[in-house]
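J.: Attaching a single structure in structure tokens format; questions to follow.
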There are 6 protein chains.
Amino acid sequence: MLSNLFIEDIVRKTLMEDLGRGFDITGNLLIPGDALGRAVLRARQPGVLCGLIPALTAFSLTDPDFSFEVEAQDGDIIQPGDTIAAIEGPARALLTAERTALNFLIHLSGIATLTMAFVDEVEGTGARITCTRKTLPGLRSIQKYAVLTGGGSNHRYGLDDAILIKDNHIALAGSITDVLDRARSGAGHTVKIEIEVDTLPQLEEVLKSGKADIVMLDNFTLDDLKTAVSMAKGRIVTEASGGVNLSTVRGIAETGVDYISAGALTHSAAALDIGLDVEI
Amino acid sequence: MLSNLFIEDIVRKTLMEDLGRGFDITGNLLIPGDALGRAVLRARQPGVLCGLIPALTAFSLTDPDFSFEVEAQDGDIIQPGDTIAAIEGPARALLTAERTALNFLIHLSGIATLTMAFVDEVEGTGARITCTRKTLPGLRSIQKYAVLTGGGSNHRYGLDDAILIKDNHIALAGSITDVLDRARSGAGHTVKIEIEVDTLPQLEEVLKSGKADIVMLDNFTLDDLKTAVSMAKGRIVTEASGGVNLSTVRGIAETGVDYISAGALTHSAAALDIGLDVEI
Amino acid sequence: MLSNLFIEDIVRKTLMEDLGRGFDITGNLLIPGDALGRAVLRARQPGVLCGLIPALTAFSLTDPDFSFEVEAQDGDIIQPGDTIAAIEGPARALLTAERTALNFLIHLSGIATLTMAFVDEVEGTGARITCTRKTLPGLRSIQKYAVLTGGGSNHRYGLDDAILIKDNHIALAGSITDVLDRARSGAGHTVKIEIEVDTLPQLEEVLKSGKADIVMLDNFTLDDLKTAVSMAKGRIVTEASGGVNLSTVRGIAETGVDYISAGALTHSAAALDIGLDVEI
Amino acid sequence: MLSNLFIEDIVRKTLMEDLGRGFDITGNLLIPGDALGRAVLRARQPGVLCGLIPALTAFSLTDPDFSFEVEAQDGDIIQPGDTIAAIEGPARALLTAERTALNFLIHLSGIATLTMAFVDEVEGTGARITCTRKTLPGLRSIQKYAVLTGGGSNHRYGLDDAILIKDNHIALAGSITDVLDRARSGAGHTVKIEIEVDTLPQLEEVLKSGKADIVMLDNFTLDDLKTAVSMAKGRIVTEASGGVNLSTVRGIAETGVDYISAGALTHSAAALDIGLDVEI
Amino acid sequence: MLSNLFIEDIVRKTLMEDLGRGFDITGNLLIPGDALGRAVLRARQPGVLCGLIPALTAFSLTDPDFSFEVEAQDGDIIQPGDTIAAIEGPARALLTAERTALNFLIHLSGIATLTMAFVDEVEGTGARITCTRKTLPGLRSIQKYAVLTGGGSNHRYGLDDAILIKDNHIALAGSITDVLDRARSGAGHTVKIEIEVDTLPQLEEVLKSGKADIVMLDNFTLDDLKTAVSMAKGRIVTEASGGVNLSTVRGIAETGVDYISAGALTHSAAALDIGLDVEI
Amino acid sequence: MLSNLFIEDIVRKTLMEDLGRGFDITGNLLIPGDALGRAVLRARQPGVLCGLIPALTAFSLTDPDFSFEVEAQDGDIIQPGDTIAAIEGPARALLTAERTALNFLIHLSGIATLTMAFVDEVEGTGARITCTRKTLPGLRSIQKYAVLTGGGSNHRYGLDDAILIKDNHIALAGSITDVLDRARSGAGHTVKIEIEVDTLPQLEEVLKSGKADIVMLDNFTLDDLKTAVSMAKGRIVTEASGGVNLSTVRGIAETGVDYISAGALTHSAAALDIGLDVEI
């Protein structure tokens, strides 16, 4: 769902990163310019597919003469051995683009797969899994797309599209009530306001102010989370953060929070093994 | 050891990614323009520090008026609670740059830490741990730097700086002897040639040709690796690849191979937890 | 409040646009390289100052040896003859950067001044004046900053930071209820949802759904606006749009709407006359 | 008449400005990926059409699958209700590109329309209307193209393509005769020299020197303009500047000057109302 | 006389070209990070110095801690052994930037030196030596600057800053008179018109039209050039082109033409030998 | 053999350099938008063709509606009058792109031709001609490609892809043995190590160390070169540098060195005359 303009830009830069001074020395010396090839993208691990468009774009930007038979879509569950897509075209370009294509695919599918593991873990609780700004340099948009693909929800995209008031902001402005007043009167009407709290009395002050849209309950115990949820219900959206992992997330979800945010989705997802089997 | 020109470029782009349309809406509304702040980068997990320069650059590019007291260097082992650096300057810029600084630091330290785990695992065997081209889009140079920082060695940087002949290249050019002939006569004298083999007879052909500098022994059994090493010793550099993880790497190293390459170093390293404690 | 990184980038590009192949042919031939100069930015028309930072940045990027005495700030009301800032430095660079500096200043001050005219017009009604996405190519962030400077409020920054459902979106998805259901379940929790309606029954359906944060009342008559406001009060934020100009805006504001959006602020603001008096 | 390379570059950047992190959140959630749409660009105000190519480029860069039926060309006089072009293609891309397309069209048509108003005003006098460097950041080339489209003539494009000696340059080099000597001997043979004068004696000195191609008569009274024209006739091209608006331009033109330059054409043109009627 | 903005941009890109993935592998391994060094730029061949600013910029962009003692300026005649500048700073950065600095210096000094050879050759004739658009990709501005430095004059900078009508343009528009009519009525008043002619009758037609500023006499014999000059004198600027080299240029100049253009200045200048003697 | 991505990028930038503010003023005024043209790229001097792909890309980027009949390939020997390729398409774009296309072609063919002159000179000796990092700013990759096309071999591409230890590096690290130790233990296994020596005893130390792959024999006499070659034979690759030109290269080659490097190939190659004959 990212714009083609955006995807072509990042894939082009990534191809250039691999090409360095602009050429594939091995392919140039060994692969005849007119040789054709066919290859199959194939899953080697179970998981959620993500990144097919950038992967195919890596081939078509390297040479416009590729054709594709696509057999799976982003968001599909894939099993080892499953064919994702078949790729036909110039053999030299096929080998030149292979690594870039796979690097997008294994990273994004890794994120989508990890996200779905969190989502599955909280099934039935009503809690939504969401990401953070703990993303890798330059990869925020595609990583957040992978979180969506895995069934997660997206938190704000950066410093400019939503207000998130943290403890340090509060420390500089006097009180929760003050910062919320200033944020609400300064924010545009299309901007939501979230505020982080560490204690139940802070939550109480947020609720009393009535000027926040979302409250982030940071590093709360499960008991405090439950209390917080009962205080907040119907008055503000709740988001739990801190200490979220696959072992803890179910317990957190069962407290009734609306959202659970986890930095690990984007900063610590392992790659999903996907390969390209070349049939030259 | 990356050039400042390179680091400033990638950090600037990453800051802009977080700033989006160009501003920190929360900081603008809540932090007085003349407030000063002090913060400390602090380890929260044991590991290998990496990425301090890009992290500090994130602050100084946001505002030139920062000063730093640096207490640890890239490559240092850090323990939970260790102070890495103290940062003083404009409070608004401090909060604006915080996430970008940490995103570099936790990712690169994660890679360096994982690399050192592999390096420690093979201690005393003489084998070197090396990375691959399985890097994340746009991050190859900084990821490879993190591998060095963790005690690893760097494989080629891309398609243009060394020749790596894979099975698919061979399939198109007739025989190992042929491809090596063509590669050697076409390659510049500053370029090394590596060739991937899957079997001992292939290794035999490579050794007979005498035209490769390095042989990649892909997915060999430990027994075959041992045989390969004894065949290759003194004639060619050996690199084992495939199925390399923290459980298997010691066994592989004990076969006597010179290098062991692992994609996981760069595509699957979890972040190392490092935080910024703001003392405003 | 735009980041220095952002401002330096746009000012640098604008200087390069004026320099073309990279030089000021007149200055090079006529102004001695070591001549110094002093100049004063001076208002020639009453209005709201905006754009001082990019204007001064134009000088300092052209030559680092400038010093400034700043006597007015963005947002200040300026009168003909008022000194805005004095600029001292290399005479050649002073003349090279002059036009770029003024082009930022007269355009942004023009927008801020027009915005304040709208804001003054609705004084006491409680209505807020807001901008739109009808901005000039490449200038959205600085134009929206000028709207803020003039006392206005900012609407969404683009296609990605808030949902705005227009009649065409509805036409494709079946009903207001349907599109709001889909938008709410798909949107992240930090994203607000606005929907455009053309009639009171549509507003009724929006209110019944309860899933929109803001309703845009497009081209409503004043009577219908009043009815809409009474229906919406306390349930949803209201925004009037269409046919908004300095003659009509007071009447619209008096209907009680929360926001009034006007494309003219950014697509049709005349420049405010500000000059640079050089005292070489 | 701008190169496609140039137009694609600026339109791509403008689309990315609107897309922000790379996606149209509303379209993604509500418009089916395979829905097709048809829309008509339609005039809502009388004026001169300008910017059709960048407008259509906004659609085709967003998705290559658009087709266009073009019914008017840049430079055509359009009346409210006139169809400019019909656009058919993917509905989601249609709505994504709509605002960018219109932002080019309404701004450039606004400039062309204002230019034609000036041109019409001076009809029959022989005077040509020309623009200045008082353009908006990043928009100089397209704004100057719009001036041409409206029947105006272009002044120099920047600091590097013609010499324009202003009072400040003269103040630093001693005398009109001196600066013209230095400019003529230093300028390439393809470069024209223009000099600004404020008084008739200065004009006399310029004429005596014989080294300028054009003289800018800045803020002259109508009487002085007439005198200047009779002095200059056949010896130098004359350009009147200062205090030029739709009320004054006829009087200025009737003095017989060759060119009249007006910054308002590019810094203060109001948008021309043009809409996109979607027939999905 | 190129803007610092322009020079820093091209030098930065050239350093990055040499750094590739961002590091100097040799310097990193061998030069201590805190070692200081001193080096002297020294002429090894007689010629005209050009490019000192980009050369020094290469060092200061690599590391801000350099200091320079400059002993010669662009345009100075240098002799083998002459010191151009002394450079002191970090030893590692000194060696990293060395090649980039020298590559600018030897190329630009080569062009300036060749230009001066042409200029010297025509001394006393009144003819000016000028360049063409036959420049190397990406280097037009700095190459044209080197021509100026060597005592030459600059022709137009590109397709947009002057009109040059060639035979092919004429072939498509009917007649010299026609194309000149169309060019003159379409061109802005700051734009000069040059037209290429191959024969004396064509020149006659150009003169009769009276609408060209410059005539390019292409591949004329010396006799025809003389005739052309006597026809053109006082009516139009003359420029001889074709077959211009160091052996022919004097004869051409003695025909009395105003300008002689030579592509060789920028497409075939040999480098001037300049070295960096490091005194670490 | 450079990637299309790389070629399109450099050609696009070079076209934009020529277009400046984005248009071809002459073509716009004189060539009808719908006129078609045909032209032939034709050799005017004997040499080696190089740069055909970027040349044709200049046309197709200017307008997609060109077709080409290619009659020669990069590396072919061309004679005056030979047709290289015929080009058909829009006449205006043909003239707009002409100069950019030729600028690539004449420069790269000039380098290829000069390289072949060196290669021919050493025929039968077994020595290979190789280039250096003495390339022109921004042109390294295409210049090195031209060296290959002329039959030469490529030296390292920059500071990051091979180690080249020069006298200055040695001066800072103590001894040849030390620097080679440090380089070998720090270098990745895909990186070759070359070291420059000025004397035979230094060569002796290099050979004894056994850790360099290549030795650069800098400014050796022919006698010393012969001695060096006999010492080095079978133990290390030898490269002669310094004082290499068409008069000296045969003698150097006959000493038996493996490689001879010449900066002149890329910093001092004269353009090869190739023209575009337009048949409109």
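Each chain in the structure tokens gets a letter, A, B and so on, in the order shown; residues start at 1 in every chain, and ligands are counted from 1 in the order they appear.
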Define the interface residues of chain C facing chain E as those within 10 Å, counting only C-alpha atoms, and report them as a list in words.
T.: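 So the contacting residues turn out to be Arg12, Lys13, Leu15, Met16, Leu19, Gly20, Arg21, Gly22, Phe23, Asp24, Ile25, Gly27, Asn28, Leu29, Gly33, Leu61, Thr62, Asp63, Ala93 and Thr96 of chain C.
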J.: Looking only at helix (DSSP H, G or I) from DSSP on the backbone, list the matching residues of segment 7-249 of chain C as a VMD selection string.
T.: chain C and resid 7 to 19 25 to 30 52 to 62 91 to 121 140 to 149 167 to 173 176 to 186 200 to 209 222 to 232 249
J.: Suppose we keep C-alpha atoms; can you now write the selection as a CSV table (one decimal), in the first residue's frame?
T.:
```csv
chain,number,residue,atom,x,y,z
C,7,ILE,CA,15.2,25.0,6.6
C,8,GLU,CA,18.9,24.7,5.5
C,9,ASP,CA,17.9,22.2,2.9
C,10,ILE,CA,15.2,24.3,1.3
C,11,VAL,CA,17.2,27.5,1.5
C,12,ARG,CA,20.2,25.8,0.0
C,13,LYS,CA,18.2,24.5,-2.9
C,14,THR,CA,16.6,28.0,-3.5
C,15,LEU,CA,20.0,29.6,-3.5
C,16,MET,CA,21.2,27.1,-6.1
C,17,GLU,CA,18.1,27.8,-8.2
C,18,ASP,CA,19.1,31.4,-8.3
C,19,LEU,CA,22.8,30.7,-8.9
C,25,ILE,CA,28.1,37.0,-12.7
C,26,THR,CA,27.4,40.6,-11.8
C,27,GLY,CA,28.8,40.4,-8.3
C,28,ASN,CA,31.8,38.5,-9.5
C,29,LEU,CA,32.7,41.2,-12.0
C,30,LEU,CA,31.9,44.3,-9.9
C,52,LEU,CA,13.1,35.5,9.3
C,53,ILE,CA,15.1,32.3,9.9
C,54,PRO,CA,15.1,31.2,6.2
C,55,ALA,CA,15.9,34.7,5.2
C,56,LEU,CA,18.9,35.0,7.5
C,57,THR,CA,19.9,31.4,6.6
C,58,ALA,CA,20.2,32.5,2.9
C,59,PHE,CA,23.0,34.9,3.9
C,60,SER,CA,24.8,32.6,6.3
C,61,LEU,CA,24.8,29.7,3.8
C,62,THR,CA,26.2,32.0,1.1
C,91,ALA,CA,29.3,42.7,0.3
C,92,ARG,CA,29.4,40.3,-2.6
C,93,ALA,CA,27.5,37.6,-0.7
C,94,LEU,CA,25.1,40.2,0.6
C,95,LEU,CA,24.0,41.0,-2.9
C,96,THR,CA,24.1,37.4,-4.0
C,97,ALA,CA,21.7,36.2,-1.2
C,98,GLU,CA,19.5,39.3,-1.2
C,99,ARG,CA,16.8,38.0,-3.6
C,100,THR,CA,16.5,34.5,-2.1
C,101,ALA,CA,16.2,36.0,1.4
C,102,LEU,CA,13.5,38.4,0.4
C,103,ASN,CA,11.6,35.8,-1.7
C,104,PHE,CA,11.2,33.7,1.5
C,105,LEU,CA,10.3,36.7,3.6
C,106,ILE,CA,7.7,38.4,1.4
C,107,HIS,CA,5.9,35.1,0.5
C,108,LEU,CA,5.7,33.8,4.1
C,109,SER,CA,4.9,37.2,5.6
C,110,GLY,CA,2.2,37.5,2.9
C,111,ILE,CA,0.6,34.2,4.1
C,112,ALA,CA,0.9,35.1,7.7
C,113,THR,CA,-0.7,38.5,7.1
C,114,LEU,CA,-3.6,37.1,5.1
C,115,THR,CA,-4.1,34.5,7.8
C,116,MET,CA,-4.2,37.1,10.5
C,117,ALA,CA,-6.8,39.1,8.5
C,118,PHE,CA,-9.1,36.0,8.6
C,119,VAL,CA,-8.3,35.4,12.2
C,120,ASP,CA,-9.1,39.0,13.1
C,121,GLU,CA,-12.3,38.8,11.2
C,140,ARG,CA,3.8,22.9,2.0
C,141,SER,CA,5.8,22.9,5.3
C,142,ILE,CA,6.9,26.5,5.1
C,143,GLN,CA,3.5,27.7,4.0
C,144,LYS,CA,1.8,25.8,6.9
C,145,TYR,CA,4.3,27.3,9.3
C,146,ALA,CA,3.3,30.7,8.0
C,147,VAL,CA,-0.4,30.0,8.6
C,148,LEU,CA,0.5,29.1,12.2
C,149,THR,CA,2.6,32.3,12.5
C,167,ASP,CA,-17.6,12.4,-1.5
C,168,ASN,CA,-15.6,10.4,-4.1
C,169,HIS,CA,-14.4,8.0,-1.5
C,170,ILE,CA,-17.9,7.5,-0.3
C,171,ALA,CA,-19.2,6.9,-3.9
C,172,LEU,CA,-16.9,3.9,-4.1
C,173,ALA,CA,-17.6,2.3,-0.8
C,176,ILE,CA,-21.1,6.8,5.0
C,177,THR,CA,-21.6,4.1,7.7
C,178,ASP,CA,-19.6,1.6,5.7
C,179,VAL,CA,-16.7,3.9,4.9
C,180,LEU,CA,-16.5,5.0,8.5
C,181,ASP,CA,-16.5,1.4,9.7
C,182,ARG,CA,-13.7,0.5,7.4
C,183,ALA,CA,-11.7,3.7,8.2
C,184,ARG,CA,-12.0,3.2,11.9
C,185,SER,CA,-11.1,-0.4,11.9
C,186,GLY,CA,-8.1,0.2,9.6
C,200,LEU,CA,-27.8,17.5,6.9
C,201,PRO,CA,-29.0,13.9,6.5
C,202,GLN,CA,-25.4,12.9,5.7
C,203,LEU,CA,-24.3,14.7,8.9
C,204,GLU,CA,-27.0,12.7,10.7
C,205,GLU,CA,-25.5,9.5,9.4
C,206,VAL,CA,-22.0,10.5,10.5
C,207,LEU,CA,-23.2,11.3,14.0
C,208,LYS,CA,-25.1,8.1,14.2
C,209,SER,CA,-22.0,6.1,13.2
C,222,LEU,CA,-25.4,29.6,6.8
C,223,ASP,CA,-28.8,28.3,8.0
C,224,ASP,CA,-27.7,24.7,7.4
C,225,LEU,CA,-24.4,25.4,9.1
C,226,LYS,CA,-26.3,26.6,12.2
C,227,THR,CA,-28.5,23.5,12.2
C,228,ALA,CA,-25.4,21.3,11.7
C,229,VAL,CA,-23.6,23.0,14.6
C,230,SER,CA,-26.5,22.4,17.0
C,231,MET,CA,-26.7,18.8,15.9
C,232,ALA,CA,-22.9,18.2,16.2
C,249,VAL,CA,-15.9,34.3,7.0
```
J.: Please, what distance in Å, to one decimal, runs between atom CA of Thr199 of chain B and atom CA of Val215 of chain B?
T.: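 The value is 11.4 Å.
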J.: Can you list, as a ChimeraX atom specification, all residues belonging to segment 40-233 of chain B that DSSP tags as strand (DSSP E or B)?
T.: /B:40-43,47-48,67-70,77-78,83-90,128-130,153,163-165,191,193-197,214-218
J.: I need the chosen residues saved as an mmCIF file, in the first residue's frame, with N, CA and C atoms.
T.:
```
data_model
loop_
_atom_site.group_PDB
_atom_site.id
_atom_site.type_symbol
_atom_site.label_atom_id
_atom_site.label_comp_id
_atom_site.auth_asym_id
_atom_site.auth_seq_id
_atom_site.Cartn_x
_atom_site.Cartn_y
_atom_site.Cartn_z
ATOM 1 N N VAL B 40 22.055 11.135 29.722
ATOM 2 C CA VAL B 40 23.128 10.141 29.746
ATOM 3 C C VAL B 40 22.707 8.918 28.950
ATOM 4 N N LEU B 41 23.557 8.538 28.015
ATOM 5 C CA LEU B 41 23.350 7.278 27.300
ATOM 6 C C LEU B 41 23.826 6.170 28.219
ATOM 7 N N ARG B 42 22.937 5.219 28.496
ATOM 8 C CA ARG B 42 23.289 4.205 29.499
ATOM 9 C C ARG B 42 22.910 2.810 29.006
ATOM 10 N N ALA B 43 23.827 1.882 29.208
ATOM 11 C CA ALA B 43 23.575 0.494 28.817
ATOM 12 C C ALA B 43 22.542 -0.128 29.727
ATOM 13 N N GLY B 47 26.773 -6.085 26.481
ATOM 14 C CA GLY B 47 27.033 -6.261 25.060
ATOM 15 C C GLY B 47 28.230 -5.459 24.613
ATOM 16 N N VAL B 48 28.348 -5.300 23.287
ATOM 17 C CA VAL B 48 29.455 -4.566 22.680
ATOM 18 C C VAL B 48 28.908 -3.250 22.145
ATOM 19 N N SER B 67 27.372 19.612 23.804
ATOM 20 C CA SER B 67 28.703 19.145 24.189
ATOM 21 C C SER B 67 28.558 17.731 24.739
ATOM 22 N N PHE B 68 29.624 16.966 24.592
ATOM 23 C CA PHE B 68 29.580 15.547 24.950
ATOM 24 C C PHE B 68 30.729 15.176 25.881
ATOM 25 N N GLU B 69 30.439 14.339 26.875
ATOM 26 C CA GLU B 69 31.510 13.692 27.648
ATOM 27 C C GLU B 69 31.422 12.211 27.347
ATOM 28 N N VAL B 70 32.399 11.731 26.623
ATOM 29 C CA VAL B 70 32.348 10.351 26.147
ATOM 30 C C VAL B 70 33.095 9.440 27.115
ATOM 31 N N ILE B 77 33.156 -3.437 25.815
ATOM 32 C CA ILE B 77 32.115 -4.265 26.425
ATOM 33 C C ILE B 77 31.390 -3.377 27.436
ATOM 34 N N ILE B 78 30.083 -3.339 27.333
ATOM 35 C CA ILE B 78 29.322 -2.522 28.287
ATOM 36 C C ILE B 78 28.421 -3.412 29.125
ATOM 37 N N THR B 83 27.621 4.073 32.050
ATOM 38 C CA THR B 83 27.423 5.307 31.306
ATOM 39 C C THR B 83 28.255 5.254 30.029
ATOM 40 N N ILE B 84 27.618 5.554 28.905
ATOM 41 C CA ILE B 84 28.329 5.561 27.624
ATOM 42 C C ILE B 84 28.804 6.976 27.311
ATOM 43 N N ALA B 85 27.903 7.939 27.464
ATOM 44 C CA ALA B 85 28.282 9.328 27.213
ATOM 45 C C ALA B 85 27.246 10.227 27.870
ATOM 46 N N ALA B 86 27.700 11.407 28.265
ATOM 47 C CA ALA B 86 26.773 12.418 28.759
ATOM 48 C C ALA B 86 26.643 13.491 27.683
ATOM 49 N N ILE B 87 25.443 14.017 27.536
ATOM 50 C CA ILE B 87 25.111 14.932 26.451
ATOM 51 C C ILE B 87 24.465 16.162 27.053
ATOM 52 N N GLU B 88 25.006 17.315 26.751
ATOM 53 C CA GLU B 88 24.395 18.549 27.250
ATOM 54 C C GLU B 88 24.090 19.505 26.124
ATOM 55 N N GLY B 89 22.922 20.132 26.184
ATOM 56 C CA GLY B 89 22.580 21.094 25.151
ATOM 57 C C GLY B 89 21.121 21.484 25.228
ATOM 58 N N PRO B 90 20.613 22.070 24.153
ATOM 59 C CA PRO B 90 19.232 22.541 24.115
ATOM 60 C C PRO B 90 18.244 21.394 24.368
ATOM 61 N N ARG B 128 37.963 -17.232 11.460
ATOM 62 C CA ARG B 128 37.444 -15.865 11.552
ATOM 63 C C ARG B 128 35.969 -15.860 11.171
ATOM 64 N N ILE B 129 35.207 -15.036 11.862
ATOM 65 C CA ILE B 129 33.778 -14.892 11.555
ATOM 66 C C ILE B 129 33.621 -13.751 10.560
ATOM 67 N N THR B 130 32.853 -13.970 9.514
ATOM 68 C CA THR B 130 32.688 -12.912 8.513
ATOM 69 C C THR B 130 31.223 -12.771 8.124
ATOM 70 N N SER B 153 35.116 -10.098 10.665
ATOM 71 C CA SER B 153 35.852 -9.651 9.484
ATOM 72 C C SER B 153 34.819 -9.364 8.396
ATOM 73 N N ILE B 163 35.019 -10.836 -6.833
ATOM 74 C CA ILE B 163 34.269 -11.798 -7.646
ATOM 75 C C ILE B 163 33.857 -12.956 -6.753
ATOM 76 N N LEU B 164 32.570 -13.251 -6.788
ATOM 77 C CA LEU B 164 32.090 -14.427 -6.070
ATOM 78 C C LEU B 164 31.254 -15.236 -7.052
ATOM 79 N N ILE B 165 31.822 -16.370 -7.446
ATOM 80 C CA ILE B 165 31.180 -17.211 -8.456
ATOM 81 C C ILE B 165 30.319 -18.245 -7.757
ATOM 82 N N VAL B 191 41.608 -7.455 -7.655
ATOM 83 C CA VAL B 191 40.339 -8.104 -7.344
ATOM 84 C C VAL B 191 40.551 -9.573 -7.011
ATOM 85 N N ILE B 193 39.176 -13.474 -6.299
ATOM 86 C CA ILE B 193 38.170 -14.364 -6.876
ATOM 87 C C ILE B 193 37.828 -15.437 -5.857
ATOM 88 N N GLU B 194 36.533 -15.518 -5.564
ATOM 89 C CA GLU B 194 36.055 -16.587 -4.693
ATOM 90 C C GLU B 194 35.073 -17.422 -5.498
ATOM 91 N N ILE B 195 35.054 -18.704 -5.212
ATOM 92 C CA ILE B 195 34.126 -19.582 -5.916
ATOM 93 C C ILE B 195 33.445 -20.498 -4.915
ATOM 94 N N GLU B 196 32.146 -20.681 -5.125
ATOM 95 C CA GLU B 196 31.364 -21.543 -4.237
ATOM 96 C C GLU B 196 31.383 -22.967 -4.774
ATOM 97 N N VAL B 197 31.619 -23.930 -3.894
ATOM 98 C CA VAL B 197 31.508 -25.337 -4.303
ATOM 99 C C VAL B 197 30.607 -26.077 -3.321
ATOM 100 N N ILE B 214 39.874 -17.833 -3.055
ATOM 101 C CA ILE B 214 39.076 -18.286 -1.907
ATOM 102 C C ILE B 214 38.054 -19.297 -2.404
ATOM 103 N N VAL B 215 37.788 -20.308 -1.608
ATOM 104 C CA VAL B 215 36.729 -21.233 -1.969
ATOM 105 C C VAL B 215 35.679 -21.216 -0.860
ATOM 106 N N MET B 216 34.419 -21.074 -1.267
ATOM 107 C CA MET B 216 33.330 -21.121 -0.301
ATOM 108 C C MET B 216 32.779 -22.541 -0.296
ATOM 109 N N LEU B 217 32.865 -23.172 0.863
ATOM 110 C CA LEU B 217 32.399 -24.548 1.015
ATOM 111 C C LEU B 217 30.979 -24.446 1.553
ATOM 112 N N ASP B 218 30.014 -24.652 0.658
ATOM 113 C CA ASP B 218 28.626 -24.341 1.010
ATOM 114 C C ASP B 218 27.880 -25.580 1.484
#
```
J.: Which distance in Å separates atom CA of Pro64 of chain B and atom CA of Gly150 of chain C, to one decimal?
T.: 28.8 Å
J.: Hey, what's within 12 Å of Val122 of chain C if we count only C-alpha atoms and toss same-chain stuff fewer than 6 positions away? As a compact mmCIF listing (two decimals) with C-alpha atoms, in the first residue's frame, please?
T.:
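Produced file around.txt, reproduced below:
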```txt
# COMPACT_ATOMS: atom_id res chain seq x y z
CA THR C 115 -4.13 34.48 7.80
CA MET C 116 -4.24 37.13 10.50
CA ARG C 128 -10.39 28.76 14.31
CA ILE C 129 -9.02 29.48 10.85
CA GLY C 151 -2.58 32.83 14.14
CA GLY C 152 -4.17 30.07 12.11
CA VAL C 244 -14.64 31.09 2.43
CA ASN C 245 -13.25 34.60 1.94
CA LEU C 246 -12.77 37.75 3.97
CA SER C 247 -16.34 38.87 3.22
CA THR C 248 -18.01 35.60 4.16
CA VAL C 249 -15.87 34.27 6.96
CA ARG C 250 -17.47 36.26 9.81
CA GLY C 251 -20.91 35.01 8.95
CA ILE C 252 -19.66 31.45 8.80
CA ALA C 253 -17.88 31.81 12.11
CA GLU C 254 -20.98 33.13 13.79
CA THR C 255 -22.80 29.87 13.04
CA GLY C 256 -20.68 28.34 15.78
CA VAL C 257 -18.48 26.02 13.72
CA ASP C 258 -15.21 25.01 15.33
CA TYR C 259 -12.95 25.39 12.27
CA ILE C 260 -13.11 27.22 8.96
```
